[in-house]
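Structure data (mmCIF, C-alpha atoms) from structure35.cif:
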data_model
#
loop_
_atom_site.group_PDB
_atom_site.id
_atom_site.type_symbol
_atom_site.label_atom_id
_atom_site.label_comp_id
_atom_site.auth_asym_id
_atom_site.auth_seq_id
_atom_site.Cartn_x
_atom_site.Cartn_y
_atom_site.Cartn_z
ATOM 1 C CA MET P 1 0.000 0.000 0.000
ATOM 2 C CA LEU P 2 1.255 3.510 -0.779
ATOM 3 C CA SER P 3 2.215 5.598 2.226
ATOM 4 C CA SER P 4 0.737 9.097 2.642
ATOM 5 C CA THR P 5 4.106 10.689 1.810
ATOM 6 C CA ARG P 6 4.316 8.750 -1.473
ATOM 7 C CA LEU P 7 0.708 9.620 -2.242
ATOM 8 C CA LEU P 8 1.477 13.293 -1.658
ATOM 9 C CA ARG P 9 4.536 13.125 -3.912
ATOM 10 C CA LEU P 10 2.517 11.332 -6.587
ATOM 11 C CA GLY P 11 -0.272 13.910 -6.307
ATOM 12 C CA PHE P 12 2.242 16.725 -6.640
ATOM 13 C CA LEU P 13 3.758 15.182 -9.778
ATOM 14 C CA VAL P 14 0.293 14.622 -11.317
ATOM 15 C CA LEU P 15 -0.668 18.252 -10.643
ATOM 16 C CA LEU P 16 2.602 19.494 -12.095
ATOM 17 C CA ALA P 17 2.083 17.362 -15.195
ATOM 18 C CA LEU P 18 -1.486 18.683 -15.526
ATOM 19 C CA ALA P 19 -0.298 22.263 -15.104
ATOM 20 C CA VAL P 20 1.995 21.811 -18.081
ATOM 21 C CA ALA P 21 -0.031 19.409 -20.228
ATOM 22 C CA VAL P 22 -3.583 20.746 -20.034
ATOM 23 C CA PRO P 23 -2.914 24.297 -21.250
ATOM 24 C CA ALA P 24 -0.534 22.897 -23.891
ATOM 25 C CA ALA P 25 -3.261 20.549 -25.163
ATOM 26 C CA ALA P 26 -5.755 23.394 -25.204
ATOM 27 C CA GLN P 27 -3.272 25.463 -27.204
ATOM 28 C CA ASP P 28 -2.881 22.689 -29.784
ATOM 29 C CA ALA P 29 -6.628 22.432 -30.265
ATOM 30 C CA ALA P 30 -7.289 26.165 -30.418
ATOM 31 C CA VAL P 31 -7.898 27.871 -33.719
ATOM 32 C CA PRO P 32 -5.730 30.954 -34.167
ATOM 33 C CA VAL P 33 -7.856 34.089 -34.129
ATOM 34 C CA THR P 34 -6.714 37.362 -35.678
ATOM 35 C CA GLY P 35 -6.127 40.019 -33.052
ATOM 36 C CA LEU P 36 -5.437 37.536 -30.280
ATOM 37 C CA SER P 37 -2.070 36.352 -31.563
ATOM 38 C CA GLY P 38 -0.343 38.004 -28.617
ATOM 39 C CA LEU P 39 -2.534 36.172 -26.083
ATOM 40 C CA SER P 40 -0.496 33.846 -23.912
ATOM 41 C CA LEU P 41 -1.798 30.993 -21.805
ATOM 42 C CA ARG P 42 1.251 31.159 -19.578
ATOM 43 C CA PRO P 43 -0.422 33.263 -16.863
ATOM 44 C CA TYR P 44 -3.173 30.603 -16.608
ATOM 45 C CA GLN P 45 -0.532 27.928 -15.996
ATOM 46 C CA PHE P 46 1.055 30.057 -13.299
ATOM 47 C CA VAL P 47 -2.290 30.768 -11.604
ATOM 48 C CA PHE P 48 -3.176 27.060 -11.691
ATOM 49 C CA LEU P 49 0.243 26.095 -10.336
ATOM 50 C CA ALA P 50 -0.015 28.678 -7.512
ATOM 51 C CA TYR P 51 -3.408 27.346 -6.402
ATOM 52 C CA ALA P 52 -2.231 23.726 -6.715
ATOM 53 C CA LEU P 53 0.872 24.419 -4.605
ATOM 54 C CA ALA P 54 -1.205 26.157 -1.927
ATOM 55 C CA TRP P 55 -3.605 23.215 -1.741
ATOM 56 C CA LEU P 56 -0.743 20.698 -1.624
ATOM 57 C CA LEU P 57 1.022 22.484 1.222
ATOM 58 C CA VAL P 58 -2.150 22.814 3.310
ATOM 59 C CA LEU P 59 -3.059 19.184 2.567
ATOM 60 C CA GLY P 60 0.464 18.136 3.531
ATOM 61 C CA TRP P 61 0.118 19.892 6.888
ATOM 62 C CA VAL P 62 -3.294 18.293 7.548
ATOM 63 C CA VAL P 63 -2.004 14.811 6.617
ATOM 64 C CA ALA P 64 1.117 15.275 8.775
ATOM 65 C CA VAL P 65 -0.992 16.232 11.820
ATOM 66 C CA ALA P 66 -3.439 13.348 11.203
ATOM 67 C CA ARG P 67 -0.595 10.812 10.856
ATOM 68 C CA ARG P 68 1.082 11.961 14.054
ATOM 69 C CA MET P 69 -2.264 11.787 15.842
ATOM 70 C CA ALA P 70 -2.852 8.227 14.591
ATOM 71 C CA ARG P 71 0.695 7.227 15.626
ATOM 72 C CA LEU P 72 0.131 8.638 19.111
ATOM 73 C CA GLU P 73 -3.177 6.791 19.453
ATOM 74 C CA ARG P 74 -1.444 3.527 18.485
ATOM 75 C CA ARG P 75 1.283 4.250 21.035
ATOM 76 C CA LEU P 76 -1.294 4.872 23.758
ATOM 77 C CA GLU P 77 -3.171 1.666 22.928
ATOM 78 C CA ARG P 78 -0.025 -0.431 23.487
ATOM 79 C CA MET A 1 -13.195 16.473 28.026
ATOM 80 C CA PRO A 2 -11.613 19.734 26.795
ATOM 81 C CA SER A 3 -9.264 18.056 24.273
ATOM 82 C CA LYS A 4 -12.203 16.241 22.653
ATOM 83 C CA LEU A 5 -14.095 19.537 22.491
ATOM 84 C CA LEU A 6 -11.064 21.222 20.913
ATOM 85 C CA ARG A 7 -10.715 18.427 18.344
ATOM 86 C CA VAL A 8 -14.402 18.609 17.380
ATOM 87 C CA GLY A 9 -14.246 22.415 17.305
ATOM 88 C CA GLY A 10 -11.091 22.219 15.205
ATOM 89 C CA SER A 11 -12.723 19.822 12.740
ATOM 90 C CA VAL A 12 -15.783 22.073 12.408
ATOM 91 C CA LEU A 13 -13.616 25.157 11.780
ATOM 92 C CA ALA A 14 -11.445 23.289 9.260
ATOM 93 C CA VAL A 15 -14.489 22.022 7.341
ATOM 94 C CA LEU A 16 -15.980 25.532 7.305
ATOM 95 C CA GLY A 17 -12.630 26.833 6.070
ATOM 96 C CA VAL A 18 -12.484 24.271 3.243
ATOM 97 C CA LEU A 19 -16.082 25.087 2.229
ATOM 98 C CA GLY A 20 -15.188 28.782 2.252
ATOM 99 C CA ILE A 21 -12.148 28.108 0.070
ATOM 100 C CA LEU A 22 -14.330 26.203 -2.415
ATOM 101 C CA VAL A 23 -16.611 29.258 -2.598
ATOM 102 C CA LEU A 24 -13.479 31.408 -2.968
ATOM 103 C CA HIS A 25 -12.354 29.317 -5.956
ATOM 104 C CA TRP A 26 -15.724 29.801 -7.629
ATOM 105 C CA MET A 27 -15.535 33.567 -6.990
ATOM 106 C CA VAL A 28 -11.933 33.828 -8.203
ATOM 107 C CA PHE A 29 -12.420 31.898 -11.432
ATOM 108 C CA PHE A 30 -16.043 32.669 -12.367
ATOM 109 C CA TRP A 31 -17.231 35.809 -10.626
ATOM 110 C CA THR A 32 -14.687 38.469 -9.729
ATOM 111 C CA PRO A 33 -13.579 40.829 -12.538
ATOM 112 C CA THR A 34 -10.140 40.585 -14.120
ATOM 113 C CA GLU A 35 -7.745 43.318 -13.053
ATOM 114 C CA ALA A 36 -7.076 45.758 -15.906
ATOM 115 C CA SER A 37 -3.283 46.138 -15.848
ATOM 116 C CA MET A 38 -2.050 42.676 -14.773
ATOM 117 C CA GLY A 39 -4.803 40.489 -16.193
ATOM 118 C CA ILE A 40 -5.469 36.919 -15.109
ATOM 119 C CA ILE A 41 -2.241 36.566 -13.085
ATOM 120 C CA GLN A 42 -3.610 39.036 -10.521
ATOM 121 C CA ARG A 43 -5.967 36.223 -9.369
ATOM 122 C CA ILE A 44 -3.049 34.800 -7.373
ATOM 123 C CA PHE A 45 -3.709 37.807 -5.098
ATOM 124 C CA TYR A 46 -6.713 35.973 -3.561
ATOM 125 C CA ILE A 47 -4.536 33.210 -2.079
ATOM 126 C CA HIS A 48 -1.300 35.176 -1.713
ATOM 127 C CA VAL A 49 -2.706 37.883 0.577
ATOM 128 C CA PRO A 50 -4.837 35.559 2.796
ATOM 129 C CA SER A 51 -1.807 33.250 3.198
ATOM 130 C CA ALA A 52 0.333 36.232 4.251
ATOM 131 C CA TRP A 53 -2.364 37.354 6.706
ATOM 132 C CA VAL A 54 -2.626 33.854 8.239
ATOM 133 C CA ALA A 55 1.176 33.584 8.468
ATOM 134 C CA PHE A 56 1.355 36.920 10.333
ATOM 135 C CA PHE A 57 -1.560 35.910 12.562
ATOM 136 C CA ALA A 58 0.136 32.580 13.343
ATOM 137 C CA PHE A 59 3.473 34.203 14.163
ATOM 138 C CA GLY A 60 1.610 36.728 16.319
ATOM 139 C CA ILE A 61 0.245 33.781 18.317
ATOM 140 C CA VAL A 62 3.771 32.330 18.522
ATOM 141 C CA ALA A 63 5.157 35.591 19.926
ATOM 142 C CA LEU A 64 2.284 36.124 22.367
ATOM 143 C CA CYS A 65 2.287 32.549 23.646
ATOM 144 C CA GLY A 66 6.097 32.538 23.743
ATOM 145 C CA ALA A 67 6.162 35.682 25.875
ATOM 146 C CA MET A 68 3.473 34.287 28.174
ATOM 147 C CA TYR A 69 5.375 30.985 28.405
ATOM 148 C CA LEU A 70 8.558 32.788 29.454
ATOM 149 C CA TRP A 71 6.553 34.639 32.088
ATOM 150 C CA LEU A 72 4.236 31.909 33.420
ATOM 151 C CA GLY A 73 6.036 28.700 32.406
ATOM 152 C CA ASP A 74 2.747 26.997 31.489
ATOM 153 C CA GLU A 75 3.414 24.095 29.089
ATOM 154 C CA ARG A 76 0.110 24.667 27.262
ATOM 155 C CA LEU A 77 1.381 28.047 26.046
ATOM 156 C CA ASP A 78 4.418 26.366 24.516
ATOM 157 C CA HIS A 79 2.161 23.776 22.850
ATOM 158 C CA ALA A 80 0.050 26.586 21.380
ATOM 159 C CA ALA A 81 3.172 28.450 20.207
ATOM 160 C CA VAL A 82 4.727 25.467 18.441
ATOM 161 C CA SER A 83 1.384 24.543 16.833
ATOM 162 C CA ALA A 84 0.947 28.079 15.503
ATOM 163 C CA ALA A 85 4.577 28.193 14.314
ATOM 164 C CA GLU A 86 4.012 25.069 12.225
ATOM 165 C CA GLY A 87 0.988 26.658 10.542
ATOM 166 C CA GLY A 88 2.884 29.916 10.100
ATOM 167 C CA MET A 89 5.681 28.081 8.287
ATOM 168 C CA VAL A 90 3.183 26.402 5.962
ATOM 169 C CA PHE A 91 1.460 29.666 5.046
ATOM 170 C CA THR A 92 4.714 31.631 4.714
ATOM 171 C CA THR A 93 5.908 28.929 2.315
ATOM 172 C CA ILE A 94 2.704 29.427 0.300
ATOM 173 C CA VAL A 95 3.416 33.186 0.200
ATOM 174 C CA LEU A 96 7.004 32.567 -0.914
ATOM 175 C CA LEU A 97 5.913 30.160 -3.663
ATOM 176 C CA THR A 98 2.866 32.006 -5.031
ATOM 177 C CA GLY A 99 4.545 35.441 -4.966
ATOM 178 C CA PRO A 100 7.346 34.548 -7.421
ATOM 179 C CA LEU A 101 4.824 32.915 -9.803
ATOM 180 C CA TRP A 102 2.874 36.182 -9.801
ATOM 181 C CA GLY A 103 6.084 38.231 -10.054
ATOM 182 C CA ARG A 104 7.357 36.266 -13.079
ATOM 183 C CA ILE A 105 4.426 37.509 -15.144
ATOM 184 C CA ALA A 106 3.850 40.906 -13.502
ATOM 185 C CA TRP A 107 7.479 41.988 -13.004
ATOM 186 C CA GLY A 108 9.277 39.660 -15.421
ATOM 187 C CA THR A 109 11.276 37.953 -12.680
ATOM 188 C CA TYR A 110 10.665 35.221 -10.129
ATOM 189 C CA TRP A 111 12.728 36.883 -7.454
ATOM 190 C CA THR A 112 14.343 40.202 -6.693
ATOM 191 C CA TRP A 113 16.024 41.273 -3.474
ATOM 192 C CA GLU A 114 13.542 44.041 -2.782
ATOM 193 C CA PRO A 115 12.669 44.822 0.883
ATOM 194 C CA ARG A 116 9.346 43.015 1.253
ATOM 195 C CA LEU A 117 10.510 39.800 -0.426
ATOM 196 C CA THR A 118 13.781 39.791 1.494
ATOM 197 C CA LEU A 119 12.073 40.422 4.856
ATOM 198 C CA THR A 120 9.499 37.687 4.173
ATOM 199 C CA LEU A 121 12.281 35.222 3.350
ATOM 200 C CA LEU A 122 14.016 36.325 6.540
ATOM 201 C CA LEU A 123 10.798 35.611 8.485
ATOM 202 C CA TRP A 124 10.721 32.088 7.008
ATOM 203 C CA PHE A 125 14.321 31.491 8.069
ATOM 204 C CA ILE A 126 13.713 32.890 11.574
ATOM 205 C CA TYR A 127 10.909 30.395 12.124
ATOM 206 C CA LEU A 128 12.975 27.609 10.609
ATOM 207 C CA GLY A 129 15.455 28.575 13.332
ATOM 208 C CA TYR A 130 12.599 28.341 15.842
ATOM 209 C CA PHE A 131 12.252 24.615 15.093
ATOM 210 C CA LEU A 132 15.999 24.017 14.829
ATOM 211 C CA VAL A 133 16.577 25.574 18.257
ATOM 212 C CA ARG A 134 13.894 23.333 19.777
ATOM 213 C CA SER A 135 15.257 20.144 18.295
ATOM 214 C CA SER A 136 18.970 20.810 18.734
ATOM 215 C CA THR A 137 19.007 21.630 22.452
ATOM 216 C CA GLU A 138 19.810 18.733 24.768
ATOM 217 C CA ASN A 139 17.639 20.109 27.558
ATOM 218 C CA PRO A 140 14.037 20.309 26.187
ATOM 219 C CA GLU A 141 13.027 23.004 28.699
ATOM 220 C CA ARG A 142 15.904 25.207 27.595
ATOM 221 C CA GLY A 143 14.994 24.558 23.952
ATOM 222 C CA LYS A 144 11.441 25.740 24.636
ATOM 223 C CA ARG A 145 12.684 28.937 26.262
ATOM 224 C CA PHE A 146 15.177 29.671 23.477
ATOM 225 C CA SER A 147 12.555 29.061 20.816
ATOM 226 C CA ALA A 148 10.119 31.370 22.639
ATOM 227 C CA VAL A 149 12.734 34.142 22.378
ATOM 228 C CA VAL A 150 13.264 33.381 18.662
ATOM 229 C CA GLY A 151 9.470 33.532 18.173
ATOM 230 C CA ILE A 152 9.266 36.956 19.806
ATOM 231 C CA VAL A 153 12.197 38.305 17.770
ATOM 232 C CA GLY A 154 10.689 36.855 14.583
ATOM 233 C CA ALA A 155 7.382 38.654 15.156
ATOM 234 C CA LEU A 156 9.260 41.993 15.108
ATOM 235 C CA ASP A 157 9.813 41.337 11.399
ATOM 236 C CA ILE A 158 6.053 41.403 10.684
ATOM 237 C CA PRO A 159 5.467 45.194 10.966
ATOM 238 C CA LEU A 160 8.676 45.713 8.967
ATOM 239 C CA ILE A 161 7.285 43.544 6.154
ATOM 240 C CA HIS A 162 4.031 45.505 6.161
ATOM 241 C CA LEU A 163 5.634 48.941 6.262
ATOM 242 C CA SER A 164 8.588 48.171 3.970
ATOM 243 C CA VAL A 165 6.597 49.172 0.867
ATOM 244 C CA LEU A 166 6.047 52.629 2.400
ATOM 245 C CA TRP A 167 9.541 53.125 3.796
ATOM 246 C CA PHE A 168 11.650 51.832 0.902
ATOM 247 C CA ARG A 169 11.531 51.823 -2.866
ATOM 248 C CA SER A 170 9.802 48.584 -3.683
ATOM 249 C CA LEU A 171 8.375 46.641 -6.615
ATOM 250 C CA HIS A 172 5.438 45.691 -4.422
ATOM 251 C CA PRO A 173 2.441 47.997 -4.769
ATOM 252 C CA THR A 174 1.499 50.130 -1.768
ATOM 253 C CA PRO A 175 -1.437 48.750 0.298
ATOM 254 C CA VAL A 176 -4.806 48.787 -1.471
ATOM 255 C CA VAL A 177 -6.906 47.644 1.493
ATOM 256 C CA MET A 178 -5.303 48.765 4.761
ATOM 257 C CA LYS A 179 -4.984 52.503 4.122
ATOM 258 C CA PRO A 180 -6.316 55.500 6.087
ATOM 259 C CA GLU A 181 -8.719 56.685 3.356
ATOM 260 C CA GLY A 182 -10.240 53.202 2.998
ATOM 261 C CA PRO A 183 -9.752 50.395 0.461
ATOM 262 C CA THR A 184 -9.220 51.342 -3.191
ATOM 263 C CA LEU A 185 -10.182 47.954 -4.534
ATOM 264 C CA HIS A 186 -13.179 47.142 -6.748
ATOM 265 C CA PRO A 187 -16.056 46.046 -4.413
ATOM 266 C CA ASP A 188 -16.263 42.564 -6.028
ATOM 267 C CA MET A 189 -12.512 42.090 -5.628
ATOM 268 C CA LEU A 190 -12.744 43.269 -2.028
ATOM 269 C CA LEU A 191 -15.537 40.779 -1.290
ATOM 270 C CA THR A 192 -13.523 37.949 -2.872
ATOM 271 C CA LEU A 193 -10.521 38.921 -0.787
ATOM 272 C CA ALA A 194 -12.698 39.025 2.368
ATOM 273 C CA VAL A 195 -13.975 35.483 1.637
ATOM 274 C CA GLY A 196 -10.362 34.383 1.182
ATOM 275 C CA LEU A 197 -9.226 35.990 4.441
ATOM 276 C CA ILE A 198 -12.093 34.459 6.449
ATOM 277 C CA SER A 199 -11.757 30.999 4.870
ATOM 278 C CA PHE A 200 -7.989 30.794 5.304
ATOM 279 C CA THR A 201 -8.292 31.981 8.922
ATOM 280 C CA LEU A 202 -10.958 29.352 9.694
ATOM 281 C CA LEU A 203 -8.892 26.609 8.063
ATOM 282 C CA PHE A 204 -5.785 27.661 9.955
ATOM 283 C CA LEU A 205 -7.635 27.821 13.284
ATOM 284 C CA GLY A 206 -9.176 24.396 12.637
ATOM 285 C CA VAL A 207 -5.878 22.648 11.921
ATOM 286 C CA PHE A 208 -4.135 24.679 14.631
ATOM 287 C CA LEU A 209 -6.591 23.334 17.254
ATOM 288 C CA GLN A 210 -5.995 19.778 16.025
ATOM 289 C CA ARG A 211 -2.237 20.323 16.205
ATOM 290 C CA TYR A 212 -2.565 21.822 19.682
ATOM 291 C CA THR A 213 -4.507 18.802 21.003
ATOM 292 C CA LEU A 214 -1.848 16.574 19.439
ATOM 293 C CA ALA A 215 0.902 18.507 21.277
ATOM 294 C CA VAL A 216 -1.000 18.280 24.583
ATOM 295 C CA ALA A 217 -1.700 14.551 24.113
ATOM 296 C CA THR A 218 1.945 13.834 23.196
ATOM 297 C CA HIS A 219 3.113 15.666 26.311
ATOM 298 C CA LEU A 220 0.635 13.794 28.550
ATOM 299 C CA ALA A 221 1.642 10.451 27.014
ATOM 300 C CA ALA A 222 5.329 11.191 27.670
ATOM 301 C CA VAL A 223 4.570 12.166 31.292
ATOM 302 C CA ARG A 224 2.500 9.002 31.777
ATOM 303 C CA GLU A 225 5.258 6.805 30.319
ATOM 304 C CA ARG A 226 7.853 8.456 32.568
ATOM 305 C CA GLU A 227 5.670 7.846 35.625
ATOM 306 C CA ALA A 228 5.087 4.217 34.649
ATOM 307 C CA ARG A 229 8.838 3.641 34.340
ATOM 308 C CA SER A 230 9.687 5.186 37.734
#
When written as structure tokens, how does the structure in this file appear?
Amino acid sequence: MLSSTRLLRLGFLVLLALAVAVPAAAQDAAVPVTGLSGLSLRPYQFVFLAYALAWLLVLGWVVAVARRMARLERRLER
Amino acid sequence: MPSKLLRVGGSVLAVLGVLGILVLHWMVFFWTPTEASMGIIQRIFYIHVPSAWVAFFAFGIVALCGAMYLWLGDERLDHAAVSAAEGGMVFTTIVLLTGPLWGRIAWGTYWTWEPRLTLTLLLWFIYLGYFLVRSSTENPERGKRFSAVVGIVGALDIPLIHLSVLWFRSLHPTPVVMKPEGPTLHPDMLLTLAVGLISFTLLFLGVFLQRYTLAVATHLAAVREREARS
């Protein structure tokens, strides 16, 4: 079974891959429109990455506290 | 049992915080208007500023509880301080990661040694020192006292971070919310920011209470084990 740390790492890598791949795929499918040639999707990637990183860090803190709590409960049961 | 009450209270606050953040995401991506000069990248503002606020709030708790611990010597104050410091580190890290992403598009660089960025990085390192001091001292009681002093000194950096944009030449804009003549932010943007501030605070308080009960329970378990051995 995957440990929480590995799950977190895996989740982080998936989000990073999505941050790069999804806007790139959208760019490939988009039809170029006159007047919008200067439009860049890069800021969207950065916004997505910023929100993903914030979620990951908060989730990491919550998981770390929950794991320590579970470990302590196991210790007290013994 | 107070610890059970704190855990339940913490869970309720954390869930409310998460729900608030979900609403915030809807507001940020579907409701609030796009800022005219910076465009879409300005939407990082709605997590960057609440994270900074929560980090300052957390380090304020660290300093207050640290000072009270030095004065009264009550272990619970140290538990509260270390729990808040952990949250403060998490949210300062968010500030230090989201800021450069915003800066890369808005300023053309991830990092520059301007006063506010430098002082925020310094704050992060001070609180890293807070944990290092605790873990590297052979006598735990001495470690707690040293870290309380580091926590108090670290909090002195917070007003400097806030005022640095007024005192020094800075790439950061001057405050748009906390100013004497009132906020100069579009009302929809202000409401989105308010939802962010409330949600992040609730989430922090929720996890902080859980972390505090963990610290208390760990301490009690250690005391009980020591008594059983002797």
Give me the result of the PyMOL selection byres ((chain A) within 7 of (chain P)) on this file, residue by residue, as a PDB file with C-alpha atoms, keeping the file's coordinate frame.
ATOM      1  CA  ILE A  40      -5.469  36.919 -15.109  1.00  0.00           C
ATOM      2  CA  ILE A  41      -2.241  36.566 -13.085  1.00  0.00           C
ATOM      3  CA  ARG A  43      -5.967  36.223  -9.369  1.00  0.00           C
ATOM      4  CA  ILE A  44      -3.049  34.800  -7.373  1.00  0.00           C
ATOM      5  CA  VAL A  90       3.183  26.402   5.962  1.00  0.00           C
ATOM      6  CA  ILE A  94       2.704  29.427   0.300  1.00  0.00           C
ATOM      7  CA  THR A  98       2.866  32.006  -5.031  1.00  0.00           C
ATOM      8  CA  LEU A 101       4.824  32.915  -9.803  1.00  0.00           C
ATOM      9  CA  ILE A 105       4.426  37.509 -15.144  1.00  0.00           C
ATOM     10  CA  VAL A 207      -5.878  22.648  11.921  1.00  0.00           C
ATOM     11  CA  ARG A 211      -2.237  20.323  16.205  1.00  0.00           C
ATOM     12  CA  LEU A 214      -1.848  16.574  19.439  1.00  0.00           C
ATOM     13  CA  THR A 218       1.945  13.834  23.196  1.00  0.00           C
TER      14      THR A 218
END
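Near Gly103 in chain A, within 12 Å and counting all atoms listed in the file, sit Pro43, Phe46, Val47 and Ala50 of chain P; Met38, Ile41, Gln42, Ile44, Phe45, His48, Val95, Leu96, Leu97, Thr98, Gly99, Pro100, Ala106, Trp107, Gly108, Thr109, Tyr110, Trp111, Thr112, Glu114, Leu117, Leu171, His172 and Pro173 of chain A, not including residues fewer than 3 positions from it in the same chain.
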Export, as a PDB file, in the coordinates of the input, the selected residues with C-alpha atoms.
ATOM      1  CA  PRO P  43      -0.422  33.263 -16.863  1.00  0.00           C
ATOM      2  CA  PHE P  46       1.055  30.057 -13.299  1.00  0.00           C
ATOM      3  CA  VAL P  47      -2.290  30.768 -11.604  1.00  0.00           C
ATOM      4  CA  ALA P  50      -0.015  28.678  -7.512  1.00  0.00           C
TER       5      ALA P  50
ATOM      6  CA  MET A  38      -2.050  42.676 -14.773  1.00  0.00           C
ATOM      7  CA  ILE A  41      -2.241  36.566 -13.085  1.00  0.00           C
ATOM      8  CA  GLN A  42      -3.610  39.036 -10.521  1.00  0.00           C
ATOM      9  CA  ILE A  44      -3.049  34.800  -7.373  1.00  0.00           C
ATOM     10  CA  PHE A  45      -3.709  37.807  -5.098  1.00  0.00           C
ATOM     11  CA  HIS A  48      -1.300  35.176  -1.713  1.00  0.00           C
ATOM     12  CA  VAL A  95       3.416  33.186   0.200  1.00  0.00           C
ATOM     13  CA  LEU A  96       7.004  32.567  -0.914  1.00  0.00           C
ATOM     14  CA  LEU A  97       5.913  30.160  -3.663  1.00  0.00           C
ATOM     15  CA  THR A  98       2.866  32.006  -5.031  1.00  0.00           C
ATOM     16  CA  GLY A  99       4.545  35.441  -4.966  1.00  0.00           C
ATOM     17  CA  PRO A 100       7.346  34.548  -7.421  1.00  0.00           C
ATOM     18  CA  ALA A 106       3.850  40.906 -13.502  1.00  0.00           C
ATOM     19  CA  TRP A 107       7.479  41.988 -13.004  1.00  0.00           C
ATOM     20  CA  GLY A 108       9.277  39.660 -15.421  1.00  0.00           C
ATOM     21  CA  THR A 109      11.276  37.953 -12.680  1.00  0.00           C
ATOM     22  CA  TYR A 110      10.665  35.221 -10.129  1.00  0.00           C
ATOM     23  CA  TRP A 111      12.728  36.883  -7.454  1.00  0.00           C
ATOM     24  CA  THR A 112      14.343  40.202  -6.693  1.00  0.00           C
ATOM     25  CA  GLU A 114      13.542  44.041  -2.782  1.00  0.00           C
ATOM     26  CA  LEU A 117      10.510  39.800  -0.426  1.00  0.00           C
ATOM     27  CA  LEU A 171       8.375  46.641  -6.615  1.00  0.00           C
ATOM     28  CA  HIS A 172       5.438  45.691  -4.422  1.00  0.00           C
ATOM     29  CA  PRO A 173       2.441  47.997  -4.769  1.00  0.00           C
TER      30      PRO A 173
END
Practice item. For the structure shown, which residues end up in the PyMOL selection byres ((chain A and resi 78) around 9)? Put them as a VMD selection string, please? Key: chain A and resid 62 65 to 66 68 to 69 73 to 77 79 to 83 144 to 145 148
Check your understanding: What separation in Å, quoted to one decimal, exists between CA of Val8 in chain A and CA of Val216 in chain A?
Key -> 15.2 Å
List as a PDB file with C-alpha atoms, in the coordinates of the input the protein and nucleic acid residues near Ser164 in chain A, meaning an atom at most 12 Å away when only C-alpha atoms are counted, but skip any in the same chain fewer than 5 places from it.
ATOM      1  CA  GLU A 114      13.542  44.041  -2.782  1.00  0.00           C
ATOM      2  CA  PRO A 115      12.669  44.822   0.883  1.00  0.00           C
ATOM      3  CA  ARG A 116       9.346  43.015   1.253  1.00  0.00           C
ATOM      4  CA  LEU A 117      10.510  39.800  -0.426  1.00  0.00           C
ATOM      5  CA  THR A 118      13.781  39.791   1.494  1.00  0.00           C
ATOM      6  CA  LEU A 119      12.073  40.422   4.856  1.00  0.00           C
ATOM      7  CA  THR A 120       9.499  37.687   4.173  1.00  0.00           C
ATOM      8  CA  ASP A 157       9.813  41.337  11.399  1.00  0.00           C
ATOM      9  CA  ILE A 158       6.053  41.403  10.684  1.00  0.00           C
ATOM     10  CA  PRO A 159       5.467  45.194  10.966  1.00  0.00           C
ATOM     11  CA  ARG A 169      11.531  51.823  -2.866  1.00  0.00           C
ATOM     12  CA  SER A 170       9.802  48.584  -3.683  1.00  0.00           C
ATOM     13  CA  LEU A 171       8.375  46.641  -6.615  1.00  0.00           C
ATOM     14  CA  HIS A 172       5.438  45.691  -4.422  1.00  0.00           C
ATOM     15  CA  PRO A 173       2.441  47.997  -4.769  1.00  0.00           C
ATOM     16  CA  THR A 174       1.499  50.130  -1.768  1.00  0.00           C
ATOM     17  CA  PRO A 175      -1.437  48.750   0.298  1.00  0.00           C
TER      18      PRO A 175
END
Exercise for review: Check what the PyMOL selection byres ((chain A and resi 192) around 12) selects in the file above and give those residues as a VMD selection string.
Suggested key: chain A and resid 20 to 33 43 to 47 49 to 50 185 to 191 193 to 199
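The coordinates place CA of Arg226 in chain A at 25.0 Å from CA of Leu132 in chain A.
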Point to revise | Separation of CA of Thr34 in chain A from CA of Trp53 in chain A in Å | key: 22.5 Å
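In terms of minimum interatomic distance to Tyr130 in chain A, A:Phe59 ranks closest within A:Trp71, A:Phe59, A:Tyr212, A:Phe204, counting only C-alpha atoms.
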